[in-house]
Each structure stands twice: as structure tokens, then as C-alpha cells.
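Scroll down for the structure; my scribbles are underneath it.
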Number of protein chains: 2
Amino acid sequence: MTGTENESKVTYEELAELEKDFDDVDVQLLKQQYKLSKPLYEKRQALVSQIPHFWSSVLEMAPQEIDQFIQPSDSNLFANALKSISIDRFEIDDPNGSPRSFAMTFEFEPNEHFEDRVLEKKFWFRRAEENWTGLISEPVKINWKDGGDLTNGITDAAVAYWEVRKQKGDAAKDSKEAEKLSDLLEECNAESVSFFTLFSFVSSRKYITAEESAEANAAEAERRAKRAKGEKAEDPADKIENYDQGLEVHPSGEELATVIAEDLWPSAIRYFTSAQEAEHLEFDDSDMEIEEIDEESEDEEDARVNLQKLGEELKKGRSERDGPPSKKRKA
Amino acid sequence: MTGTENESKVTYEELAELEKDFDDVDVQLLKQQYKLSKPLYEKRQALVSQIPHFWSSVLEMAPQEIDQFIQPSDSNLFANALKSISIDRFEIDDPNGSPRSFAMTFEFEPNEHFEDRVLEKKFWFRRAEENWTGLISEPVKINWKDGGDLTNGITDAAVAYWEVRKQKGDAAKDSKEAEKLSDLLEECNAESVSFFTLFSFVSSRKYITAEESAEANAAEAERRAKRAKGEKAEDPADKIENYDQGLEVHPSGEELATVIAEDLWPSAIRYFTSAQEAEHLEFDDSDMEIEEIDEESEDEEDARVNLQKLGEELKKGRSERDGPPSKKRKA
């Protein structure tokens, strides 16, 4: 079909503007979805807080995009101490913010690894000068206990570098904090790095301040308004800047956080059910464990049967929830 | 974590009911999405109808879930004759229907394979007695020309069996039409079967009439109302019935149609752009084709440059459209 597009009278601006209109609809729907679902998420939290290990079971069944970043030591910590996960779209009603920004909160029981009971990471959806859009964040301090740090000092080094960066800007690249962080990142095996390095994620582009984003949004709005009137409005030139070369702790942080917010979080009950099913299968395979069942009281057996039945119930309805309105937009 | 669920006081009904509430929200959002996007889809159709081979380019870049069902001969036919694809949620405002039902329409130029200029396939979202929900459909007649049938008689046999089935019900399984269809399906290599067999899809369960579905919906609504009042309401017993054993032409038809409606259709511009990019890369690799470019007029070159720029533009904004409101619910 080489060359056939030459016959076309449609310009790229027309198709690109149309994609932006589709995008506006997506933002509107995200808002509505969040508002309609909020009471249900609250109800869910109230229910699942009574189920021990709910969230660690959910993480056990997480899809590959998440699972590949969870090491066995992370998994142990989740199983022993993870109390809850929650997603809050904190800019949902902020005309200068975006419904795509979200805070991801992990709540923990006291544990041997860190002092914190809550780890909260905020992701802001921002626009850059050259029209790049995406999530940016700031490194979160984790107060590791002696010998408890699962990241081998990476999260601490990321926070230290961030502090210097805030003062010195781009010049921070030559600081000893930059060198320290860079050394730690070179040392570590990217494939066995802890999930908790996600808390150090900054951006897959250079950091964008709220002010820079507001300016870029205003400029983009102006271009779109001009085009809507049929006037010419050139897009800014391409010049995507990466985050400080070699100093982004988690290059896949944006994707990982997005899958947590858009898949793991909304589908948590279903993942939990898969975990229950998998566990039930293990039961059936082991004589020893079947013996244990015999010793359980009737009440206990009822509870398990109930949860097994949940699996069947949810499987039956699965085709419904797999369905719309998920417009998968990955081309 | 074996056995921890025994401590839980949450019953499966509570979690399953909550999933149904989430599902209600999904349906509401699907309606809103469809209504907000409808004018944009119409605008898109007006634009892309001016771009030759738009839809066949989209199909060339289709995700694996679709691509695996497109044979080289299907691909040729699409490239030569496919004019448009469209999705219409024809029960969107029908209180007895579902916004999840849709019609998939392929429009063709005159071609050597079949007489039809339009192939329309309707998928109805229905509920069965035992609470199974999903898409069901009816075989669509394709008027193949002599020697043009890409399905080796399967679509014709499926329609013939369907006619007998409408008269005789389950007894149709013993008809000669059933035998013919069954023989054809056994003969063919499932992996090289034409995309057009999708038009013969009926259901991954036994067919459900509109009346049966309405009854099942009413029964389910009654159970939910009871549970909402705190009363007990047992779900119907499991007894999922498969479609006439061995006579479903396209066992993956529901998934395939769903990916077309929820991914290919909404993301068509993006898939088209990927096709343009892929084509541009081929250009750069071939001296011969570069020579051809030199002979083109300036206008033609502009058009290609524009479409290339579109690729960059869309890539830049990609993170936006990849984002919400897609709640991926595949656990």
C-alpha cells in the first residue's frame, strides 16, 4: 500500500485534533467513573479490612506488569505487614490539576523493615513545554530499620539527590549525591531490585513543575482554540528531555504505577478470588493439608466454602466486568 | 497463607454483590462513553473515508488477539476491498436490552470473493437462566462467488444448520446439516481458518433467546433486591450449557468481536498511525522506493510528511490516551 496516503486530503492536524477530542471525552469519563465508584471503593475497603491478607493475596495474583517488579523479600513483607492499598485522585476537582493525577497509599502493620506505617506516593499528570504528557513524582523517604533496607540504600540516595537537586537544579548532576545514587544504580541488578524503589520514581522525562505544566497547558489550549477557528497553530518543536541521565531509579515507574491504579486497584476483588481459587487447588493436592481440614470446626469450613463459592460466582459474572467501558488504547 | 480466610466474617454474597454494583457503574459509564464519543466517531468516519486503505491499514496493525485470526487471503481481500468498519450499540437506549450489545458492520467495494457490499453481524449481550452472561449472535449469510469462498463452505453450512435449528431446536443436532457442518469443522485446520468464519459465531454457551434473557434478568434483579433488603436469595444452580457440541464455528468469537469493538474501533487512528510509521521505515530501507519519491510532486510529498508528523504527534500524546478510563478488569 506504499504511497496510497498521497491521495489523501486529510491533514495530520485534523486527525490529531480529533484524537485530542477523544482524549477530552476520556478525561470526562474518568471523572464520572471516579465519582460513581468512590462509595463502592469505600464499601469495599470496609469489607476487605475484615479479610486477613486480602491485599497481599491480590498482589500475589497481580499481572505480569506488576509481578515482575515484586521480589520474594517484598512478597514476604507484604504477606506479613501490608494492611491496605488505596488510590486517591486528589486533583479530581482541581481546574488546574488533572483527574489523571493520583496518590497511591500503602498502609502497613509494624514490621522489621521500616518505621513507617504509611507510605504515600503522589503522581502528578503534567504537560511539558514540547507537549509531552505523563506522570511525574518525587522520591518518598522510607525510614528503613537497621538491616531492613530492601533497596540497598537506593531510596535514601534518591531522596538525598532530590534535596540537592531542589537547591541546585541541573547543576546537581555533578554533586556527590548524584555520584552515590549513580553508583548504587550501577551496582544493583535491575532484575532483582525491590518493589520499594518505585517510591523513588521521578519521571521518564525531566521533572516538570506545576507552573511549567500550567504554562504548557495554557499554550496547548490556545493552539487548540486557534485550530478550532480554522487558524494555523504550529506545535512546539520536539525536544523531549530525559530525567537526569542515569539517575532515574525506576525507568518503568510510570507504567507500574498506572497498572496499579487502573487494573490492580479496580479489580482487587477479582484478583483476591483468583488467589483463593489457586489456594483451594493446592489444598486438594496435599494429603497433609486435607488432614488439617478435618480438624477444623464447622464454622471454619463454612467460611472456606463461602469463599470458594465466591470464586464461582465471580467467574460466572466475569464476562460482564471484563467488558466495557474499558477502551484499551494501546496501539 | 493457607487457611487465613477462615478468620473472615465477610460472606461471598457481600463481595459478589459489591462486584455487581461495580458492574452497574460500568454499564452507566459505557452509555455515557458511547453518547459522548458518537459525534467524534462520525467526524472520524468523515475524515478517514478520504484516506484510501485506512481500515485495512488499521487491521494490519491489529493486536495479536485479532491478528491471529486474519489469514493472508483475508488480508488481501481487506486491502483490496474493505471500505469501512463500524460499531453500533443498537440497544443503548433499550430498557430491555444492554449497552453491551453491538452491531459490527464491514462495508466492501465490489470484489471477486462475494456479492455482498455490507456484512453486518449483531451481538446481543444476554443472561442465561444460571446467570451466565455474554454475547450471543446468529450466523450471517455471506453470498460467496464461485471459487471465492475463503471459508471452504463453513459459513454456508453454519447458516443451513441454523435454519434447521430454528425449526427443530435441540433435535437439529441429529440433522444432516449438523453432520455437514461438523464434518467441515473437523476437516479444517483451526489455525488457518478465515477471519470470515466470525460471521458464523453463535455463542460460547447455548443460544439464549431475548425472552429467556429477559426472564433471567428479572430473576436476577429480584434476587438483588432481596439481598439489598438483607433477605436471603440463593443463586440458581450452575449448569452452563455449551452451544451444540462441536457445532460452534468460532469458539473465540466472543473475545474476537469484543476486542474489535473495544480496542480496534476506538483506537483506529492510532493503529493507522502505527501502520504509517511501519511503512515509512520500509521506505527508508529501499533504494527503489526512494527513487519513486523523487518523481512525486511537491503536494504529494507534503501529504506524506503530514502523515509522518501525525505519527510523532500521536506518539507524544499517547500516554494520555493509554490512560484512564480504561479499567482493565482481567483477573
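Within each chain, counting starts at residue 1; across the C-alpha cells, chains are named A, B, ... in the order shown, with ligands numbered 1 upward in that order.
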
Can you pull out the residues contacting Gly230 of chain A? Cut-off 12 Å, using only C-alpha atoms, and skip same-chain residues under 4 positions away; I want them as a short mmCIF file (atom, residue, chain, number, x, y, z; two decimals) with C-alpha atoms, in the first residue's frame.
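Output (result.cif):
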data_model
loop_
_atom_site.label_atom_id
_atom_site.label_comp_id
_atom_site.auth_asym_id
_atom_site.auth_seq_id
_atom_site.Cartn_x
_atom_site.Cartn_y
_atom_site.Cartn_z
CA GLU A 13 -3.68 18.22 12.25
CA GLU A 14 -7.25 17.13 11.60
CA GLU A 17 -7.10 17.26 16.84
CA ARG A 223 -3.31 26.28 19.93
CA ARG A 224 -6.44 24.13 20.05
CA ALA A 225 -8.70 27.18 20.20
CA LYS A 226 -6.95 28.63 17.15
#

| Polymer residues at most 8 Å from segment 116-131 of chain B, only C-alpha atoms, same-chain spacing of 5 or more positions, as a PyMOL selection string | (chain A and resi 316-317) or (chain B and resi 97-98+100-110+136-138+140+142-143+199+208+210+212-217+220+235-240)

| said: When you count only C-alpha atoms, which of these residues is closest to chain A: B:Val193, B:Leu247, B:Ile87, B:Ala268? | reply: B:Ala268

| message | List the spatial neighbours of His113 of chain B as a PyMOL selection string - criterion: any atom at most 10 Å away, only C-alpha atoms, same-chain residues fewer than 4 positions off excluded. | response | chain B and resi 77+81+142-150

Keeping only C-alpha atoms, take the residues you just selected and write them out as an mmCIF file, in the first residue's frame.
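And here is the file that came out, selection-v4.cif:
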data_model
loop_
_atom_site.group_PDB
_atom_site.id
_atom_site.type_symbol
_atom_site.label_atom_id
_atom_site.label_comp_id
_atom_site.auth_asym_id
_atom_site.auth_seq_id
_atom_site.Cartn_x
_atom_site.Cartn_y
_atom_site.Cartn_z
ATOM 1 C CA LEU B 77 -9.349 -9.012 0.494
ATOM 2 C CA ALA B 81 -11.977 -4.042 -0.924
ATOM 3 C CA ILE B 142 -22.178 -14.453 3.021
ATOM 4 C CA ASN B 143 -23.008 -14.665 -0.670
ATOM 5 C CA TRP B 144 -19.728 -16.102 -1.903
ATOM 6 C CA LYS B 145 -18.988 -16.032 -5.611
ATOM 7 C CA ASP B 146 -17.932 -19.205 -7.423
ATOM 8 C CA GLY B 147 -14.473 -20.128 -6.222
ATOM 9 C CA GLY B 148 -14.383 -17.139 -3.883
ATOM 10 C CA ASP B 149 -15.353 -18.748 -0.573
ATOM 11 C CA LEU B 150 -12.470 -18.276 1.875
#

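Among A:Ser200, A:Thr155, A:Ser192, A:Thr258, the residue with the shortest atom-to-atom distance to chain B, counting only C-alpha atoms, is A:Thr258.
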
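Backbone DSSP assigns strand (DSSP E) in segment 40-114 of chain B to B:Leu82, B:Lys83, B:Ser84, B:Ile85, B:Ser86, B:Ile87, B:Asp88, B:Phe102, B:Ala103, B:Met104, B:Thr105, B:Phe106, B:Glu107, B:Phe108.
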
Helix (DSSP H, G or I) residues, from DSSP on the backbone, in segment 59-286 of chain A, as a short mmCIF file (atom, residue, chain, number, x, y, z; two decimals) with N, CA and C atoms, in the first residue's frame:
data_model
loop_
_atom_site.label_atom_id
_atom_site.label_comp_id
_atom_site.auth_asym_id
_atom_site.auth_seq_id
_atom_site.Cartn_x
_atom_site.Cartn_y
_atom_site.Cartn_z
N LEU A 59 -1.90 -8.97 45.50
CA LEU A 59 -0.58 -8.77 44.87
C LEU A 59 0.02 -10.08 44.37
N GLU A 60 -0.27 -11.18 45.09
CA GLU A 60 0.23 -12.48 44.64
C GLU A 60 -0.28 -12.83 43.25
N GLN A 64 1.56 -9.78 35.19
CA GLN A 64 2.99 -9.76 34.93
C GLN A 64 3.60 -8.35 35.02
N GLU A 65 2.88 -7.34 34.53
CA GLU A 65 3.43 -5.98 34.53
C GLU A 65 3.76 -5.50 35.93
N ILE A 66 3.07 -6.07 36.94
CA ILE A 66 3.36 -5.71 38.33
C ILE A 66 4.27 -6.78 38.94
N ASP A 67 3.90 -8.02 38.71
CA ASP A 67 4.58 -9.15 39.34
C ASP A 67 6.09 -9.14 39.08
N PRO A 72 10.88 -11.84 46.05
CA PRO A 72 10.41 -12.68 47.15
C PRO A 72 10.45 -11.96 48.51
N SER A 73 11.47 -11.13 48.73
CA SER A 73 11.54 -10.42 50.03
C SER A 73 10.44 -9.36 50.14
N ASP A 74 10.08 -8.72 49.01
CA ASP A 74 8.94 -7.78 49.02
C ASP A 74 7.67 -8.55 49.37
N SER A 75 7.53 -9.69 48.72
CA SER A 75 6.35 -10.53 48.88
C SER A 75 6.16 -10.94 50.34
N ASN A 76 7.26 -11.32 51.00
CA ASN A 76 7.20 -11.68 52.42
C ASN A 76 6.72 -10.52 53.26
N LEU A 77 7.30 -9.35 52.97
CA LEU A 77 6.91 -8.16 53.72
C LEU A 77 5.42 -7.86 53.52
N PHE A 78 4.94 -7.96 52.28
CA PHE A 78 3.52 -7.74 52.02
C PHE A 78 2.67 -8.75 52.80
N ALA A 79 3.06 -10.03 52.76
CA ALA A 79 2.28 -11.07 53.42
C ALA A 79 2.22 -10.83 54.93
N ASN A 80 3.31 -10.33 55.50
CA ASN A 80 3.36 -10.15 56.95
C ASN A 80 2.78 -8.84 57.43
N ALA A 81 2.83 -7.80 56.59
CA ALA A 81 2.55 -6.48 57.16
C ALA A 81 1.67 -5.55 56.33
N ILE A 154 19.19 2.55 47.97
CA ILE A 154 18.77 3.33 46.79
C ILE A 154 17.74 4.40 47.14
N THR A 155 16.72 4.04 47.93
CA THR A 155 15.69 5.06 48.21
C THR A 155 16.28 6.23 48.99
N ASP A 156 17.18 5.94 49.94
CA ASP A 156 17.83 7.02 50.68
C ASP A 156 18.65 7.90 49.75
N ALA A 157 19.41 7.28 48.87
CA ALA A 157 20.26 8.05 47.96
C ALA A 157 19.42 8.89 47.00
N ALA A 158 18.28 8.36 46.62
CA ALA A 158 17.40 9.10 45.70
C ALA A 158 16.84 10.34 46.39
N VAL A 159 16.47 10.20 47.67
CA VAL A 159 15.95 11.34 48.42
C VAL A 159 17.06 12.38 48.61
N ALA A 160 18.27 11.92 48.95
CA ALA A 160 19.39 12.84 49.16
C ALA A 160 19.69 13.62 47.88
N TYR A 161 19.71 12.92 46.76
CA TYR A 161 19.97 13.59 45.48
C TYR A 161 18.87 14.60 45.17
N TRP A 162 17.63 14.21 45.46
CA TRP A 162 16.49 15.07 45.21
C TRP A 162 16.61 16.40 45.97
N GLU A 163 17.07 16.32 47.21
CA GLU A 163 17.22 17.52 48.03
C GLU A 163 18.24 18.47 47.39
N VAL A 164 19.35 17.90 46.93
CA VAL A 164 20.38 18.73 46.28
C VAL A 164 19.82 19.32 44.99
N ARG A 165 19.07 18.49 44.28
CA ARG A 165 18.50 18.93 43.01
C ARG A 165 17.56 20.11 43.18
N LYS A 166 16.80 20.08 44.27
CA LYS A 166 15.85 21.17 44.52
C LYS A 166 16.60 22.49 44.69
N GLN A 167 17.81 22.41 45.30
CA GLN A 167 18.58 23.64 45.51
C GLN A 167 19.37 24.04 44.28
N LYS A 168 20.01 23.08 43.65
CA LYS A 168 20.98 23.43 42.61
C LYS A 168 20.46 23.24 41.18
N GLY A 169 19.30 22.64 41.05
CA GLY A 169 18.78 22.42 39.70
C GLY A 169 19.68 21.48 38.92
N ASP A 170 19.80 21.73 37.63
CA ASP A 170 20.55 20.83 36.76
C ASP A 170 22.00 20.62 37.21
N ALA A 171 22.54 21.61 37.90
CA ALA A 171 23.93 21.50 38.34
C ALA A 171 24.12 20.36 39.35
N ALA A 172 23.01 19.89 39.93
CA ALA A 172 23.09 18.80 40.91
C ALA A 172 23.70 17.53 40.32
N LYS A 173 23.69 17.44 38.99
CA LYS A 173 24.22 16.25 38.33
C LYS A 173 25.69 16.00 38.68
N ASP A 174 26.39 17.07 39.07
CA ASP A 174 27.81 16.93 39.39
C ASP A 174 28.05 16.76 40.88
N LYS A 176 28.10 15.03 44.80
CA LYS A 176 28.48 13.70 45.28
C LYS A 176 27.24 12.84 45.50
N GLU A 177 26.09 13.49 45.77
CA GLU A 177 24.85 12.73 45.92
C GLU A 177 24.46 12.05 44.60
N ALA A 178 24.68 12.77 43.50
CA ALA A 178 24.41 12.18 42.19
C ALA A 178 25.31 10.98 41.95
N GLU A 179 26.58 11.14 42.33
CA GLU A 179 27.54 10.06 42.12
C GLU A 179 27.16 8.83 42.94
N LYS A 180 26.79 9.08 44.20
CA LYS A 180 26.39 7.99 45.09
C LYS A 180 25.21 7.21 44.48
N LEU A 181 24.18 7.96 44.09
CA LEU A 181 22.98 7.32 43.53
C LEU A 181 23.34 6.55 42.25
N SER A 182 24.11 7.19 41.41
CA SER A 182 24.51 6.57 40.16
C SER A 182 25.29 5.28 40.41
N ASP A 183 26.20 5.32 41.39
CA ASP A 183 26.98 4.12 41.73
C ASP A 183 26.05 2.99 42.21
N LEU A 184 25.13 3.33 43.10
CA LEU A 184 24.21 2.30 43.63
C LEU A 184 23.38 1.68 42.51
N LEU A 185 22.94 2.52 41.58
CA LEU A 185 22.12 2.01 40.48
C LEU A 185 22.94 1.13 39.54
N GLU A 186 24.21 1.48 39.37
CA GLU A 186 25.07 0.65 38.52
C GLU A 186 25.34 -0.70 39.17
N GLU A 187 25.53 -0.66 40.49
CA GLU A 187 25.82 -1.89 41.25
C GLU A 187 24.68 -2.91 41.17
N ALA A 190 19.22 -4.87 37.93
CA ALA A 190 17.90 -4.27 37.69
C ALA A 190 16.77 -5.28 37.83
N GLU A 191 17.08 -6.56 37.57
CA GLU A 191 16.01 -7.55 37.60
C GLU A 191 15.65 -8.05 39.00
N SER A 192 16.51 -7.75 39.99
CA SER A 192 16.19 -8.25 41.32
C SER A 192 16.04 -7.10 42.31
N PHE A 195 10.61 -3.88 44.92
CA PHE A 195 9.41 -3.11 44.54
C PHE A 195 9.44 -1.71 45.14
N PHE A 196 10.07 -1.60 46.33
CA PHE A 196 10.01 -0.33 47.06
C PHE A 196 10.80 0.79 46.37
N THR A 197 11.62 0.45 45.36
CA THR A 197 12.29 1.52 44.60
C THR A 197 11.27 2.34 43.82
N LEU A 198 10.05 1.80 43.65
CA LEU A 198 9.01 2.59 42.98
C LEU A 198 8.80 3.92 43.71
N PHE A 199 9.02 3.90 45.04
CA PHE A 199 8.80 5.12 45.82
C PHE A 199 9.83 6.20 45.50
N SER A 200 10.88 5.84 44.74
CA SER A 200 11.90 6.82 44.34
C SER A 200 11.67 7.37 42.94
N ALA A 210 4.63 22.36 38.64
CA ALA A 210 3.23 22.69 38.43
C ALA A 210 3.10 23.93 37.54
N GLU A 211 4.02 24.89 37.74
CA GLU A 211 3.97 26.13 36.96
C GLU A 211 4.28 25.86 35.49
N GLU A 212 5.32 25.07 35.25
CA GLU A 212 5.67 24.74 33.87
C GLU A 212 4.51 24.02 33.18
N SER A 213 3.88 23.13 33.92
CA SER A 213 2.77 22.37 33.35
C SER A 213 1.59 23.29 33.03
N ALA A 214 1.30 24.21 33.96
CA ALA A 214 0.19 25.14 33.75
C ALA A 214 0.45 25.99 32.50
N GLU A 215 1.68 26.44 32.33
CA GLU A 215 2.04 27.22 31.14
C GLU A 215 1.85 26.41 29.87
N ALA A 216 2.35 25.16 29.91
CA ALA A 216 2.25 24.30 28.73
C ALA A 216 0.79 24.00 28.41
N ASN A 217 -0.03 23.79 29.45
CA ASN A 217 -1.45 23.54 29.23
C ASN A 217 -2.13 24.75 28.60
N ALA A 218 -1.77 25.94 29.08
CA ALA A 218 -2.36 27.17 28.55
C ALA A 218 -1.97 27.33 27.08
N ALA A 219 -0.70 27.07 26.77
CA ALA A 219 -0.24 27.21 25.38
C ALA A 219 -0.95 26.21 24.48
N GLU A 220 -1.13 24.99 24.98
CA GLU A 220 -1.82 23.96 24.19
C GLU A 220 -3.29 24.34 23.99
N ALA A 221 -3.92 24.85 25.04
CA ALA A 221 -5.33 25.26 24.92
C ALA A 221 -5.47 26.36 23.87
N GLU A 222 -4.51 27.26 23.86
CA GLU A 222 -4.53 28.35 22.88
C GLU A 222 -4.41 27.82 21.45
N ARG A 223 -3.47 26.86 21.26
CA ARG A 223 -3.31 26.28 19.93
C ARG A 223 -4.60 25.59 19.48
N ARG A 224 -5.22 24.85 20.42
CA ARG A 224 -6.44 24.13 20.05
C ARG A 224 -7.57 25.10 19.71
N ALA A 225 -7.65 26.18 20.47
CA ALA A 225 -8.70 27.18 20.20
C ALA A 225 -8.50 27.79 18.81
N LYS A 226 -7.24 28.08 18.47
CA LYS A 226 -6.95 28.63 17.15
C LYS A 226 -7.36 27.66 16.05
N ARG A 227 -6.97 26.40 16.24
CA ARG A 227 -7.28 25.41 15.21
C ARG A 227 -8.78 25.22 15.06
N ALA A 228 -9.48 25.31 16.19
CA ALA A 228 -10.94 25.15 16.14
C ALA A 228 -11.55 26.26 15.29
N GLY A 253 8.62 3.19 36.20
CA GLY A 253 7.74 3.63 37.30
C GLY A 253 6.38 4.11 36.85
N GLU A 254 6.33 4.83 35.75
CA GLU A 254 5.05 5.36 35.29
C GLU A 254 4.10 4.22 34.91
N GLU A 255 4.60 3.26 34.14
CA GLU A 255 3.77 2.12 33.73
C GLU A 255 3.32 1.32 34.95
N LEU A 256 4.27 1.05 35.86
CA LEU A 256 3.94 0.24 37.04
C LEU A 256 2.85 0.91 37.88
N ALA A 257 3.03 2.20 38.15
CA ALA A 257 2.04 2.91 38.97
C ALA A 257 0.69 2.94 38.26
N THR A 258 0.72 3.09 36.94
CA THR A 258 -0.53 3.15 36.18
C THR A 258 -1.28 1.82 36.24
N VAL A 259 -0.56 0.72 36.12
CA VAL A 259 -1.24 -0.58 36.18
C VAL A 259 -1.82 -0.82 37.58
N ILE A 260 -1.10 -0.36 38.60
CA ILE A 260 -1.64 -0.50 39.96
C ILE A 260 -2.93 0.30 40.09
N ALA A 261 -2.91 1.54 39.59
CA ALA A 261 -4.07 2.42 39.76
C ALA A 261 -5.25 2.02 38.89
N GLU A 262 -4.98 1.49 37.70
CA GLU A 262 -6.06 1.26 36.74
C GLU A 262 -6.47 -0.19 36.59
N ASP A 263 -5.70 -1.10 37.15
CA ASP A 263 -6.03 -2.50 37.00
C ASP A 263 -6.10 -3.18 38.38
N LEU A 264 -4.99 -3.21 39.09
CA LEU A 264 -4.96 -3.89 40.38
C LEU A 264 -6.00 -3.33 41.34
N ALA A 268 -9.45 -5.52 42.39
CA ALA A 268 -8.87 -6.22 43.54
C ALA A 268 -9.69 -7.43 43.99
N ILE A 269 -11.00 -7.32 44.01
CA ILE A 269 -11.82 -8.46 44.47
C ILE A 269 -11.59 -9.66 43.56
N ARG A 270 -11.51 -9.39 42.28
CA ARG A 270 -11.31 -10.48 41.33
C ARG A 270 -9.93 -11.14 41.51
N TYR A 271 -8.90 -10.33 41.71
CA TYR A 271 -7.57 -10.91 41.95
C TYR A 271 -7.57 -11.73 43.24
N PHE A 272 -8.25 -11.22 44.25
CA PHE A 272 -8.33 -11.94 45.51
C PHE A 272 -8.99 -13.31 45.30
N THR A 273 -10.03 -13.32 44.50
CA THR A 273 -10.73 -14.57 44.22
C THR A 273 -9.83 -15.57 43.50
N SER A 274 -9.04 -15.06 42.55
CA SER A 274 -8.09 -15.96 41.87
C SER A 274 -7.14 -16.56 42.89
N ALA A 275 -6.71 -15.75 43.84
CA ALA A 275 -5.79 -16.25 44.87
C ALA A 275 -6.46 -17.35 45.68
N GLN A 276 -7.73 -17.14 46.02
CA GLN A 276 -8.46 -18.15 46.79
C GLN A 276 -8.59 -19.44 46.01
N GLU A 277 -8.86 -19.31 44.72
CA GLU A 277 -9.01 -20.49 43.87
C GLU A 277 -7.70 -21.26 43.80
N ALA A 278 -6.60 -20.51 43.58
CA ALA A 278 -5.29 -21.14 43.48
C ALA A 278 -4.99 -21.89 44.78
N GLU A 279 -5.33 -21.27 45.89
CA GLU A 279 -5.06 -21.88 47.19
C GLU A 279 -5.89 -23.14 47.37
N HIS A 280 -7.13 -23.07 46.91
CA HIS A 280 -8.00 -24.22 47.04
C HIS A 280 -7.45 -25.41 46.25
N LEU A 281 -6.91 -25.12 45.07
CA LEU A 281 -6.32 -26.19 44.27
C LEU A 281 -5.16 -26.83 45.01
N GLU A 282 -4.35 -25.99 45.66
CA GLU A 282 -3.23 -26.54 46.43
C GLU A 282 -3.73 -27.48 47.53
N PHE A 283 -4.77 -27.06 48.20
CA PHE A 283 -5.41 -27.89 49.23
C PHE A 283 -5.65 -29.31 48.71
N ASP A 284 -6.33 -29.34 47.55
CA ASP A 284 -6.76 -30.63 47.02
C ASP A 284 -5.58 -31.54 46.71
N ASP A 285 -4.43 -30.93 46.49
CA ASP A 285 -3.29 -31.73 46.08
C ASP A 285 -2.49 -32.32 47.23
#

| query | Out of A:Leu36, A:Val10, A:Ala233, A:Val202, which residue has the shortest atom-to-atom distance to Val249 of chain A when counting only C-alpha atoms? | reply | A:Val202

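Checking A:Ile51, A:Leu135, A:Ile85, A:Ala46 one by one against chain B, counting only C-alpha atoms, you find the shortest gap at A:Ile51.
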
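Going from atom CA of Gln71 of chain A to atom CA of Ser194 of chain A covers 5.9 Å.
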
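Among the candidates A:Asn111, A:Gln33, A:Gln68, A:Asn189, the residue lying nearest to chain B is A:Gln33 (atoms considered: only C-alpha atoms).
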